[in-house]
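Asker: Structure file work16.cif (mmCIF, C-alpha atoms) right here:
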```
data_my_file
loop_
_atom_site.label_atom_id
_atom_site.label_comp_id
_atom_site.auth_asym_id
_atom_site.auth_seq_id
_atom_site.Cartn_x
_atom_site.Cartn_y
_atom_site.Cartn_z
CA MET A 1 0.54 39.50 37.15
CA HIS A 2 -1.53 36.32 37.03
CA ALA A 3 -5.07 36.05 38.30
CA ASP A 4 -5.95 34.02 41.38
CA ASP A 5 -6.65 30.30 40.80
CA LYS A 6 -10.12 30.55 42.31
CA GLU A 7 -11.03 33.43 40.02
CA LEU A 8 -9.67 31.55 37.02
CA LEU A 9 -11.68 28.48 37.91
CA PHE A 10 -14.83 30.55 38.31
CA GLN A 11 -14.33 32.13 34.90
CA PHE A 12 -13.64 28.70 33.40
CA HIS A 13 -17.06 27.50 34.54
CA GLN A 14 -18.78 30.39 32.74
CA THR A 15 -19.40 29.60 29.07
CA ALA A 16 -18.61 33.13 27.94
CA THR A 17 -15.22 33.26 29.66
CA LYS A 18 -14.25 29.59 29.54
CA GLU A 19 -11.63 29.76 26.81
CA ARG A 20 -10.14 33.00 28.10
CA ALA A 21 -9.79 31.53 31.59
CA PHE A 22 -8.20 28.39 30.21
CA THR A 23 -5.67 30.41 28.24
CA ALA A 24 -4.86 32.34 31.43
CA ILE A 25 -4.32 29.07 33.34
CA ILE A 26 -1.93 27.86 30.66
CA LYS A 27 0.02 31.11 30.72
CA LYS A 28 0.24 31.05 34.49
CA TYR A 29 1.59 27.51 34.81
CA GLN A 30 3.16 26.67 31.48
CA GLU A 31 6.75 27.53 32.43
CA LYS A 32 6.74 25.78 35.78
CA LEU A 33 5.18 22.67 34.29
CA TYR A 34 7.42 22.82 31.25
CA TRP A 35 10.60 22.76 33.35
CA HIS A 36 9.21 20.04 35.55
CA VAL A 37 8.49 17.89 32.50
CA ARG A 38 11.70 18.88 30.73
CA ARG A 39 13.83 17.73 33.66
CA LEU A 40 12.03 14.40 33.50
CA VAL A 41 12.20 13.75 29.76
CA VAL A 42 15.25 15.96 28.96
CA ASP A 43 14.46 16.59 25.27
CA HIS A 44 12.54 19.74 24.34
CA ASP A 45 10.31 18.13 21.70
CA ASP A 46 9.35 15.39 24.09
CA ALA A 47 8.66 17.97 26.79
CA ASN A 48 6.52 19.95 24.38
CA ASP A 49 4.46 16.86 23.44
CA VAL A 50 3.97 15.93 27.05
CA LEU A 51 3.04 19.46 28.09
CA GLN A 52 0.45 19.79 25.35
CA ASN A 53 -1.10 16.51 26.41
CA VAL A 54 -1.09 17.75 29.99
CA PHE A 55 -3.13 20.83 29.14
CA ILE A 56 -5.51 18.88 26.91
CA LYS A 57 -6.19 16.60 29.88
CA VAL A 58 -6.63 19.69 32.02
CA TRP A 59 -9.21 21.05 29.57
CA LYS A 60 -11.14 17.79 29.67
CA GLY A 61 -10.88 17.35 33.42
CA LEU A 62 -11.20 20.87 34.71
CA GLU A 63 -14.99 20.76 34.42
CA ASN A 64 -15.04 18.08 37.12
CA PHE A 65 -12.13 19.45 39.15
CA ARG A 66 -12.95 19.35 42.84
CA GLU A 67 -11.55 22.36 44.55
CA ASP A 68 -10.61 20.43 47.67
CA SER A 69 -7.03 20.48 46.38
CA GLN A 70 -5.09 23.34 44.88
CA LEU A 71 -5.15 23.77 41.11
CA TYR A 72 -1.36 23.98 41.24
CA THR A 73 -1.04 20.57 42.92
CA TRP A 74 -3.55 19.02 40.52
CA LEU A 75 -1.63 20.35 37.50
CA TYR A 76 1.67 18.99 38.83
CA ARG A 77 0.08 15.64 39.42
CA ILE A 78 -1.12 15.44 35.83
CA ALA A 79 2.24 16.65 34.51
CA THR A 80 4.21 14.14 36.61
CA ASN A 81 1.98 11.26 35.54
CA GLU A 82 2.16 12.29 31.88
CA GLY A 83 5.97 12.61 32.06
CA LEU A 84 6.39 9.21 33.69
CA THR A 85 3.91 7.61 31.28
CA PHE A 86 5.89 9.06 28.40
CA LEU A 87 9.10 7.52 29.75
CA GLU A 88 7.31 4.19 30.17
CA GLN A 89 6.17 4.31 26.56
CA GLN A 90 9.68 5.13 25.42
CA LYS A 91 10.96 2.12 27.32
CA LYS A 92 8.36 -0.11 25.66
CA ARG A 93 9.19 1.26 22.22
CA GLY A 94 12.86 0.70 22.90
CA THR A 95 13.76 4.37 22.52
CA ILE A 96 15.31 4.13 25.96
CA SER A 97 17.09 0.96 27.04
CA LEU A 98 14.87 -1.21 29.24
CA ASP A 99 17.70 -2.13 31.61
CA THR A 100 19.30 1.24 32.01
CA GLU A 101 16.69 3.94 31.59
CA GLU A 102 18.81 6.23 33.76
CA ALA A 103 21.86 5.70 31.58
CA GLY A 104 19.76 6.48 28.52
CA LEU A 105 18.59 9.77 30.00
CA SER A 106 22.16 10.66 31.05
CA ASN A 107 23.22 10.13 27.47
CA LYS A 108 20.43 12.43 26.35
CA VAL A 109 21.82 15.12 28.65
CA ARG A 110 25.30 14.58 27.29
CA SER A 111 24.02 14.88 23.73
CA ASP A 112 22.64 18.37 24.42
CA SER A 113 24.32 20.90 22.14
CA ASN A 114 25.28 23.08 25.13
CA PHE A 115 26.60 20.24 27.27
CA ASP A 116 29.88 21.03 29.04
CA ALA A 117 31.27 18.27 31.27
CA ASN A 118 33.49 20.76 33.09
CA LYS A 119 30.55 22.72 34.40
CA LEU A 120 29.14 21.60 37.73
CA GLU A 121 25.62 22.49 36.60
CA TRP A 122 25.83 19.98 33.74
CA ARG A 123 27.33 17.35 36.00
CA LEU A 124 24.39 17.88 38.31
CA GLN A 125 21.98 17.24 35.45
CA VAL A 126 23.79 14.03 34.53
CA ALA A 127 23.77 12.97 38.18
CA ILE A 128 19.99 13.60 38.50
CA GLN A 129 19.35 11.38 35.50
CA GLN A 130 21.30 8.58 37.21
CA LEU A 131 18.70 8.45 39.99
CA PRO A 132 15.85 5.97 40.08
CA GLU A 133 12.60 7.38 38.68
CA LYS A 134 10.84 8.13 41.97
CA GLN A 135 13.90 9.74 43.58
CA ARG A 136 14.40 11.83 40.47
CA VAL A 137 10.88 13.23 40.63
CA VAL A 138 11.17 13.92 44.36
CA PHE A 139 14.53 15.63 44.02
CA ASN A 140 13.34 17.80 41.13
CA LEU A 141 10.15 18.86 42.90
CA ARG A 142 12.03 19.76 46.06
CA TYR A 143 15.27 21.17 44.69
CA TYR A 144 13.98 23.05 41.64
CA ASP A 145 10.29 23.68 42.38
CA GLU A 146 10.87 24.16 46.13
CA MET A 147 7.73 22.21 46.81
CA PRO A 148 6.70 21.47 50.42
CA TYR A 149 6.60 17.75 51.30
CA GLN A 150 2.94 18.10 52.13
CA GLU A 151 2.04 19.15 48.57
CA MET A 152 4.45 16.62 47.13
CA SER A 153 2.71 13.96 49.15
CA ARG A 154 -0.59 14.83 47.43
CA ILE A 155 0.99 14.73 44.02
CA LEU A 156 2.87 11.47 44.44
CA ASP A 157 0.53 9.71 46.89
CA THR A 158 3.45 9.07 49.20
CA SER A 159 3.92 9.91 52.87
CA GLU A 160 5.91 12.98 53.78
CA GLY A 161 8.43 10.85 55.71
CA ALA A 162 9.07 8.60 52.75
CA LEU A 163 9.51 11.64 50.54
CA LYS A 164 12.03 13.20 52.93
CA ALA A 165 14.00 9.96 53.02
CA SER A 166 13.85 9.69 49.29
CA TYR A 167 15.08 13.27 48.89
CA HIS A 168 17.99 12.70 51.27
CA HIS A 169 19.02 9.53 49.45
CA ALA A 170 18.86 11.32 46.16
CA ALA A 171 20.91 14.32 47.36
CA ARG A 172 23.66 12.06 48.75
CA LYS A 173 23.86 10.01 45.57
CA ILE A 174 24.13 13.15 43.49
CA GLU A 175 26.86 14.57 45.74
CA GLU A 176 28.82 11.35 45.46
CA PHE A 177 28.35 11.18 41.71
CA ILE A 178 29.56 14.76 41.16
CA ARG A 179 32.63 14.24 43.36
CA ASN A 180 33.60 11.09 41.46
CA TYR A 181 32.78 12.39 37.97
CA MET B 1 6.05 27.19 49.14
CA ASN B 2 9.50 27.19 50.73
CA ASN B 3 12.00 29.67 49.51
CA ARG B 4 15.38 28.93 48.07
CA ALA B 5 17.21 29.70 51.33
CA HIS B 6 15.25 27.03 53.14
CA ILE B 7 16.03 24.43 50.47
CA THR B 8 19.73 25.32 50.51
CA GLU B 9 19.80 25.14 54.30
CA GLU B 10 18.19 21.70 54.20
CA LEU B 11 20.59 20.48 51.53
CA SER B 12 23.83 21.79 53.02
CA PRO B 13 24.36 19.04 55.63
CA ILE B 14 23.38 16.24 53.20
CA ALA B 15 25.08 17.41 49.99
CA PRO B 16 27.11 20.57 50.51
CA LEU B 17 28.52 20.55 47.00
CA VAL B 18 25.04 20.37 45.45
CA ALA B 19 23.87 23.18 47.75
CA GLU B 20 26.62 25.39 46.43
CA ILE B 21 25.83 24.81 42.77
CA GLY B 22 22.73 26.93 42.77
CA ILE B 23 19.84 26.99 40.35
CA THR B 24 20.58 27.74 36.75
CA GLU B 25 18.56 26.50 33.78
CA LEU B 26 20.93 24.86 31.36
CA TYR B 27 18.41 23.52 28.87
CA ALA B 28 17.60 25.80 25.97
CA VAL B 29 14.03 26.59 24.96
CA PRO B 30 13.09 27.83 21.48
CA LYS B 31 12.58 31.57 21.23
CA SER B 32 9.02 32.77 22.03
CA TYR B 33 8.02 29.17 22.82
CA PHE B 34 6.08 30.19 25.91
CA ALA B 35 4.49 33.19 24.15
CA SER B 36 2.76 30.95 21.61
CA PHE B 37 2.28 27.83 23.71
CA ALA B 38 -1.22 28.73 24.98
CA ASP B 39 -2.44 29.33 21.42
CA THR B 40 -0.91 26.05 20.30
CA VAL B 41 -2.75 24.14 23.00
CA THR B 42 -6.12 25.85 22.50
CA GLU B 43 -5.84 25.29 18.74
CA ARG B 44 -5.16 21.61 19.32
CA ILE B 45 -8.14 21.38 21.66
CA ARG B 46 -10.38 22.96 19.01
CA ILE B 47 -9.14 20.52 16.38
CA GLU B 48 -9.67 17.58 18.72
CA ALA B 49 -13.19 18.78 19.44
CA LEU B 50 -13.92 19.01 15.73
CA LEU B 51 -12.50 15.55 15.16
CA ASN B 52 -14.59 14.16 18.00
CA GLU B 53 -17.70 15.66 16.45
CA ALA B 54 -16.76 14.22 13.10
CA SER B 55 -16.11 10.80 14.57
CA VAL B 56 -19.72 10.31 15.68
CA PRO B 57 -20.64 6.97 14.11
CA VAL B 58 -22.96 7.27 11.13
CA TYR B 59 -23.30 3.55 10.49
CA GLU B 60 -25.76 1.37 12.27
CA ALA B 61 -25.51 -2.31 13.00
CA PRO B 62 -28.65 -4.44 12.49
CA ASP B 63 -30.79 -5.04 15.55
CA GLY B 64 -29.44 -7.82 17.73
CA TYR B 65 -26.26 -8.10 15.64
CA PHE B 66 -23.91 -8.06 18.60
CA GLU B 67 -26.06 -10.50 20.57
CA GLN B 68 -25.94 -12.97 17.70
CA LEU B 69 -22.31 -12.40 16.75
CA PRO B 70 -20.71 -14.79 19.31
CA GLY B 71 -23.07 -17.58 18.26
CA THR B 72 -22.39 -16.97 14.58
CA VAL B 73 -18.66 -17.04 15.11
CA LEU B 74 -18.84 -20.21 17.19
CA THR B 75 -20.98 -21.95 14.55
CA THR B 76 -18.45 -21.06 11.87
CA ILE B 77 -15.60 -22.38 14.00
CA GLN B 78 -17.55 -25.59 14.72
CA ARG B 79 -18.30 -26.13 11.05
CA SER B 80 -14.65 -25.73 10.22
CA SER B 81 -13.59 -28.23 12.88
CA GLU B 82 -16.28 -30.68 11.72
CA VAL B 83 -14.81 -30.70 8.22
CA LYS B 84 -11.36 -31.21 9.67
CA SER B 85 -12.33 -34.08 11.96
CA GLU B 86 -14.33 -35.71 9.18
CA LEU B 87 -11.29 -35.65 6.92
CA GLU B 88 -9.09 -37.01 9.70
CA GLU B 89 -11.41 -39.99 9.94
CA ILE B 90 -11.77 -40.64 6.23
CA ALA B 91 -8.27 -39.83 5.03
CA PRO B 92 -5.77 -39.22 7.82
CA LEU B 93 -2.91 -38.66 5.40
CA LEU B 94 -4.88 -36.12 3.41
CA SER B 95 -5.66 -34.15 6.53
CA THR B 96 -1.96 -33.74 7.24
CA ILE B 97 -1.31 -32.21 3.83
CA GLY B 98 -1.52 -28.49 3.81
CA LYS B 99 -3.88 -26.62 1.54
CA ALA B 100 -1.19 -24.40 0.17
CA SER B 101 -1.43 -23.96 -3.58
CA VAL B 102 1.21 -25.75 -5.61
CA TYR B 103 0.45 -23.84 -8.76
CA GLU B 104 2.39 -20.83 -9.76
CA ILE B 105 1.07 -17.73 -11.39
CA PRO B 106 3.06 -15.26 -13.46
CA ALA B 107 4.67 -12.52 -11.45
CA ASP B 108 2.44 -9.48 -10.97
CA TYR B 109 -0.48 -11.34 -12.54
CA PHE B 110 -3.03 -9.97 -10.16
CA VAL B 111 -1.51 -6.52 -10.33
CA GLN B 112 -1.81 -6.52 -14.10
CA ALA B 113 -5.32 -7.92 -13.96
CA ASP B 114 -6.21 -5.17 -11.57
CA LEU B 115 -4.67 -2.57 -13.87
CA ALA B 116 -6.66 -3.90 -16.78
CA ARG B 117 -9.83 -3.58 -14.75
CA HIS B 118 -8.92 -0.05 -13.79
CA ALA B 119 -8.19 0.81 -17.40
CA ARG B 120 -11.62 -0.44 -18.42
CA ARG B 121 -13.22 1.54 -15.64
CA GLU B 122 -11.37 4.66 -16.66
CA GLN B 123 -12.39 4.40 -20.31
CA PRO B 124 -13.79 7.80 -21.38
CA ALA B 125 -17.58 8.01 -21.50
CA GLY B 126 -17.58 9.15 -25.14
CA ALA B 127 -15.36 6.35 -26.40
CA LYS B 128 -16.80 4.07 -29.04
CA ARG B 129 -17.95 0.78 -27.60
CA VAL B 130 -17.93 -2.29 -29.76
CA SER B 131 -20.35 -4.99 -28.79
CA LEU B 132 -18.53 -8.27 -28.60
CA ARG B 133 -21.79 -10.16 -29.18
CA ILE B 134 -22.33 -8.62 -32.61
CA ALA B 135 -18.71 -9.23 -33.59
CA ARG B 136 -18.97 -12.82 -32.48
CA ARG B 137 -22.20 -13.33 -34.45
CA TRP B 138 -20.59 -12.00 -37.66
CA MET B 139 -17.65 -14.29 -37.11
CA GLN B 140 -20.04 -17.23 -36.84
CA TYR B 141 -21.83 -16.26 -40.05
CA ALA B 142 -18.53 -15.88 -41.91
CA ALA B 143 -17.29 -19.27 -40.73
CA ALA B 144 -20.57 -20.90 -41.79
CA ALA B 145 -20.34 -19.29 -45.24
CA VAL B 146 -16.78 -20.48 -45.79
CA PHE B 147 -17.68 -23.99 -44.69
CA ALA B 148 -20.67 -24.10 -47.03
CA GLY B 149 -18.50 -22.84 -49.90
CA VAL B 150 -15.95 -25.57 -49.30
CA LEU B 151 -18.68 -28.21 -49.25
CA ILE B 152 -20.28 -27.04 -52.48
CA THR B 153 -16.98 -26.72 -54.32
CA GLY B 154 -15.90 -30.16 -53.13
CA ALA B 155 -19.17 -31.70 -54.24
CA PHE B 156 -18.91 -30.05 -57.63
CA LEU B 157 -15.34 -31.21 -58.16
CA PHE B 158 -16.03 -34.80 -57.24
CA THR B 159 -19.39 -35.27 -58.90
CA ASP B 160 -19.77 -32.89 -61.84
CA ASN B 161 -16.51 -33.33 -63.80
CA PRO B 162 -16.46 -36.85 -65.28
CA ALA B 163 -14.36 -35.77 -68.28
CA ASN B 164 -11.39 -35.30 -66.11
CA ILE B 165 -11.88 -38.65 -64.52
CA GLU B 166 -12.26 -40.31 -67.97
CA GLU B 167 -9.17 -38.56 -69.26
CA GLY B 168 -7.15 -39.85 -66.37
CA LYS B 169 -8.54 -43.27 -66.88
CA TYR B 170 -7.50 -43.42 -70.54
CA GLN B 171 -4.15 -41.81 -70.23
CA SER B 172 -2.59 -45.19 -69.52
CA VAL B 173 -4.35 -46.95 -72.38
CA ASP B 174 -2.49 -47.65 -75.69
CA LEU B 175 -5.16 -46.65 -78.25
CA SER B 176 -3.42 -47.98 -81.39
CA SER B 177 -3.03 -51.46 -79.93
CA GLU B 178 -6.56 -51.36 -78.64
CA LEU B 179 -7.82 -50.38 -82.08
CA ASP B 180 -5.91 -53.28 -83.63
CA LYS B 181 -8.03 -55.59 -81.57
CA VAL B 182 -11.18 -54.14 -83.16
CA SER B 183 -12.29 -55.96 -86.28
CA GLU B 184 -12.72 -54.10 -89.57
CA ALA B 185 -16.38 -55.06 -89.68
CA ASP B 186 -16.94 -53.34 -86.37
CA LEU B 187 -15.10 -50.25 -87.52
CA LEU B 188 -17.15 -50.03 -90.71
CA LYS B 189 -20.29 -50.53 -88.72
CA TYR B 190 -19.22 -47.72 -86.37
CA LEU B 191 -18.40 -45.35 -89.28
CA ASP B 192 -21.65 -46.14 -91.05
CA ASN B 193 -23.56 -44.75 -88.10
CA PRO B 194 -24.29 -41.07 -89.04
CA GLU B 195 -24.56 -40.11 -85.35
CA HIS B 196 -20.87 -40.88 -84.75
CA VAL B 197 -19.79 -38.79 -87.73
CA ALA B 198 -21.98 -35.88 -86.59
CA ALA B 199 -20.37 -36.06 -83.19
CA ALA B 200 -16.98 -35.13 -84.68
CA PRO B 201 -15.70 -31.74 -83.60
CA ALA B 202 -17.20 -28.86 -85.48
CA THR B 203 -13.85 -27.16 -85.76
CA VAL B 204 -12.43 -29.92 -87.90
CA GLN B 205 -13.54 -28.91 -91.36
CA LEU B 206 -12.07 -29.63 -94.72
CA ALA B 207 -10.62 -26.66 -96.48
CA SER B 208 -12.69 -25.33 -99.35
CA GLU B 209 -11.41 -25.24 -102.99
CA ALA B 210 -11.29 -21.43 -102.89
CA ASP B 211 -9.09 -21.59 -99.84
CA MET B 212 -6.80 -24.10 -101.46
CA ALA B 213 -6.44 -21.88 -104.60
CA GLU B 214 -5.42 -18.99 -102.43
CA VAL B 215 -2.77 -21.18 -100.72
CA LYS B 216 -1.43 -22.30 -104.10
CA ASN B 217 -1.07 -18.68 -105.24
CA HIS B 218 0.71 -17.88 -102.05
CA LEU B 219 3.12 -20.79 -102.39
CA GLN B 220 4.02 -19.74 -105.97
CA ASN B 221 5.47 -16.57 -104.56
CA VAL B 222 7.70 -18.54 -102.15
CA SER B 223 11.09 -19.68 -103.42
CA ASP B 224 12.22 -23.32 -103.35
CA GLU B 225 14.94 -22.55 -100.84
CA GLU B 226 12.47 -21.02 -98.43
CA LEU B 227 10.23 -24.05 -98.75
CA LYS B 228 13.16 -26.41 -98.11
CA GLN B 229 14.11 -24.43 -95.05
CA TYR B 230 10.54 -24.64 -93.79
CA VAL B 231 10.49 -28.40 -94.35
CA THR B 232 13.82 -28.79 -92.56
CA GLU B 233 12.60 -26.80 -89.56
CA ASN B 234 9.36 -28.73 -89.38
CA ALA B 235 10.79 -32.10 -90.33
CA GLU B 236 9.44 -33.80 -87.27
CA VAL B 237 5.91 -32.69 -88.00
CA TYR B 238 6.32 -33.60 -91.62
CA GLU B 239 7.59 -37.07 -90.86
CA THR B 240 4.76 -37.69 -88.48
CA VAL B 241 2.20 -36.59 -91.00
CA THR B 242 3.71 -38.64 -93.83
CA SER B 243 4.07 -41.78 -91.76
CA GLU B 244 0.45 -41.46 -90.73
CA LYS B 245 -0.52 -41.14 -94.36
CA GLU B 246 1.50 -44.24 -95.28
CA GLU B 247 -0.16 -46.22 -92.59
#
```
Mind turning the file's structure into structure tokens?
Answerer:
Amino acid sequence: MHADDKELLFQFHQTATKERAFTAIIKKYQEKLYWHVRRLVVDHDDANDVLQNVFIKVWKGLENFREDSQLYTWLYRIATNEGLTFLEQQKKRGTISLDTEEAGLSNKVRSDSNFDANKLEWRLQVAIQQLPEKQRVVFNLRYYDEMPYQEMSRILDTSEGALKASYHHAARKIEEFIRNY
Amino acid sequence: MNNRAHITEELSPIAPLVAEIGITELYAVPKSYFASFADTVTERIRIEALLNEASVPVYEAPDGYFEQLPGTVLTTIQRSSEVKSELEEIAPLLSTIGKASVYEIPADYFVQADLARHARREQPAGAKRVSLRIARRWMQYAAAAVFAGVLITGAFLFTDNPANIEEGKYQSVDLSSELDKVSEADLLKYLDNPEHVAAAPATVQLASEADMAEVKNHLQNVSDEELKQYVTENAEVYETVTSEKEE
């Protein structure tokens, strides 16, 4: 059972319990954030790099964290930005094709050792990677993390209406892709 | 946070197939990855903190360095362009020629030079060092001594050996014909001078009577045949001596 965010933040601000509180925050959110990042970058090593950077930023920024937003939302915001920045850097380095980033990520999914094209679950993963970046993030946050549009709006700085529309577009595209696969 | 049922209900009219798929994590994660992840991150944070402490600058720039730097750079650039424009005016063709070196150096020259320098630097402290100055000085002394020796020998050969020169001079002279030209009166006059007789070689001495007696005794023991054989073998000498006597 994980401690309450407010309690963890309080402990973090005490010098004696700072490191212990930080470790508890990591343990509480590491899996959720890992899967969020992993669905964005696909590869485990990349996800690991990104996640470590996320928590290092959290360590540096938590001192000044304003508790007007939830810790959970703030962590997702950092993780999303780090994941997208990582993809941007990969595009610049040429690791992923500049023209077809989505195709590059789909290929990464296909190159997974467990990939099975006959399984609907794998087809879904390939279909998600075909989406444009913003739609991909929205679909993942809603479909996998079951995040309310209100929270998503804080993370992505986008209106709830735009997010709903984006999610609907994404779901339809995925449906179509899977049917035609 | 909405529950799964709500998400599925929302999705069903838009993408019924996707709604049916359900949530399953397909991606594999290394074993005990999440168990050690927190430690990994905190360790990295500690290392970063240490590195940040270590990266505090220990060097100091002189006062006003950064204020003066732009001016210094601009002056350097100006100076460079002045030289260029000056050359363009004086010798336009020259200014178009690049400054690339046309000379070639042996391959790896600088690498070898560098190695040589390193080798010198790495010479053991206890190794014997030979002063090149002292060696050079000895070389100079030796060269001077040889030169002086050559000079002295040369001087001696050319100045202090007239006999050789005289001998060479008279080698081509026919003495008998030259003596024929001398009158008998002059010869007698020359022989009358006791100094000339005294100057004759000391080794040329007439045999004493005792010596001659000994020779006679010795010859009595020699047979006539042996004497004839001796005369035959030394006929040339004999003829020369007899002809001289006849003359």
Asker: Between A:Ala47, A:Lys119, A:Glu133, A:Ile56, which has the minimum distance to Glu88 (chain A) (counting all atoms listed in the file)?
Answerer: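 Once distances to Glu88 (chain A) are computed over all atoms listed in the file, the minimum belongs to A:Glu133.
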Asker: Residues of chain B no more than 9 Å from chain A, counting all atoms listed in the file: send them over as a ChimeraX atom specification.
Answerer: /B:1-4,6-8,11,14-18,21-30,34-35,37-42,44-45
Asker: Please compute the CA of Gly94 (chain A)-CA of Asp49 (chain A) distance, one decimal, in Å.
Answerer: 18.2 Å
Asker: Which residue out of A:Asn180, A:Ser159, A:Gln150, A:Gln11 has the minimum interatomic distance to Thr73 (chain A) when only C-alpha atoms are used?
Answerer: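 Of all the options, A:Gln150 lies closest to Thr73 (chain A).
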Asker: Work out how far apart CA of Leu93 (chain B) and CA of Ile77 (chain B) are and give it in Å to one decimal.
Answerer: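 Here the two named atoms are 22.4 Å from each other.
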Asker: Using all atoms listed in the file, find the one residue out of A:Gln90, A:Ser166, A:Ser111, A:Ser153 that sits nearest to Asp46 (chain A).
Answerer: A:Gln90
Asker: Could you tell me which of A:Ala117, A:Leu9, A:Ala3, A:Leu156 comes closest to Glu63 (chain A) if we count only C-alpha atoms?
Answerer: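 Selected residue with least distance to Glu63 (chain A): A:Leu9.
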Asker: Can you measure CA of Ala19 (chain B) to CA of Asp116 (chain A) for me? One decimal in Å is fine.
Answerer: 19.8 Å
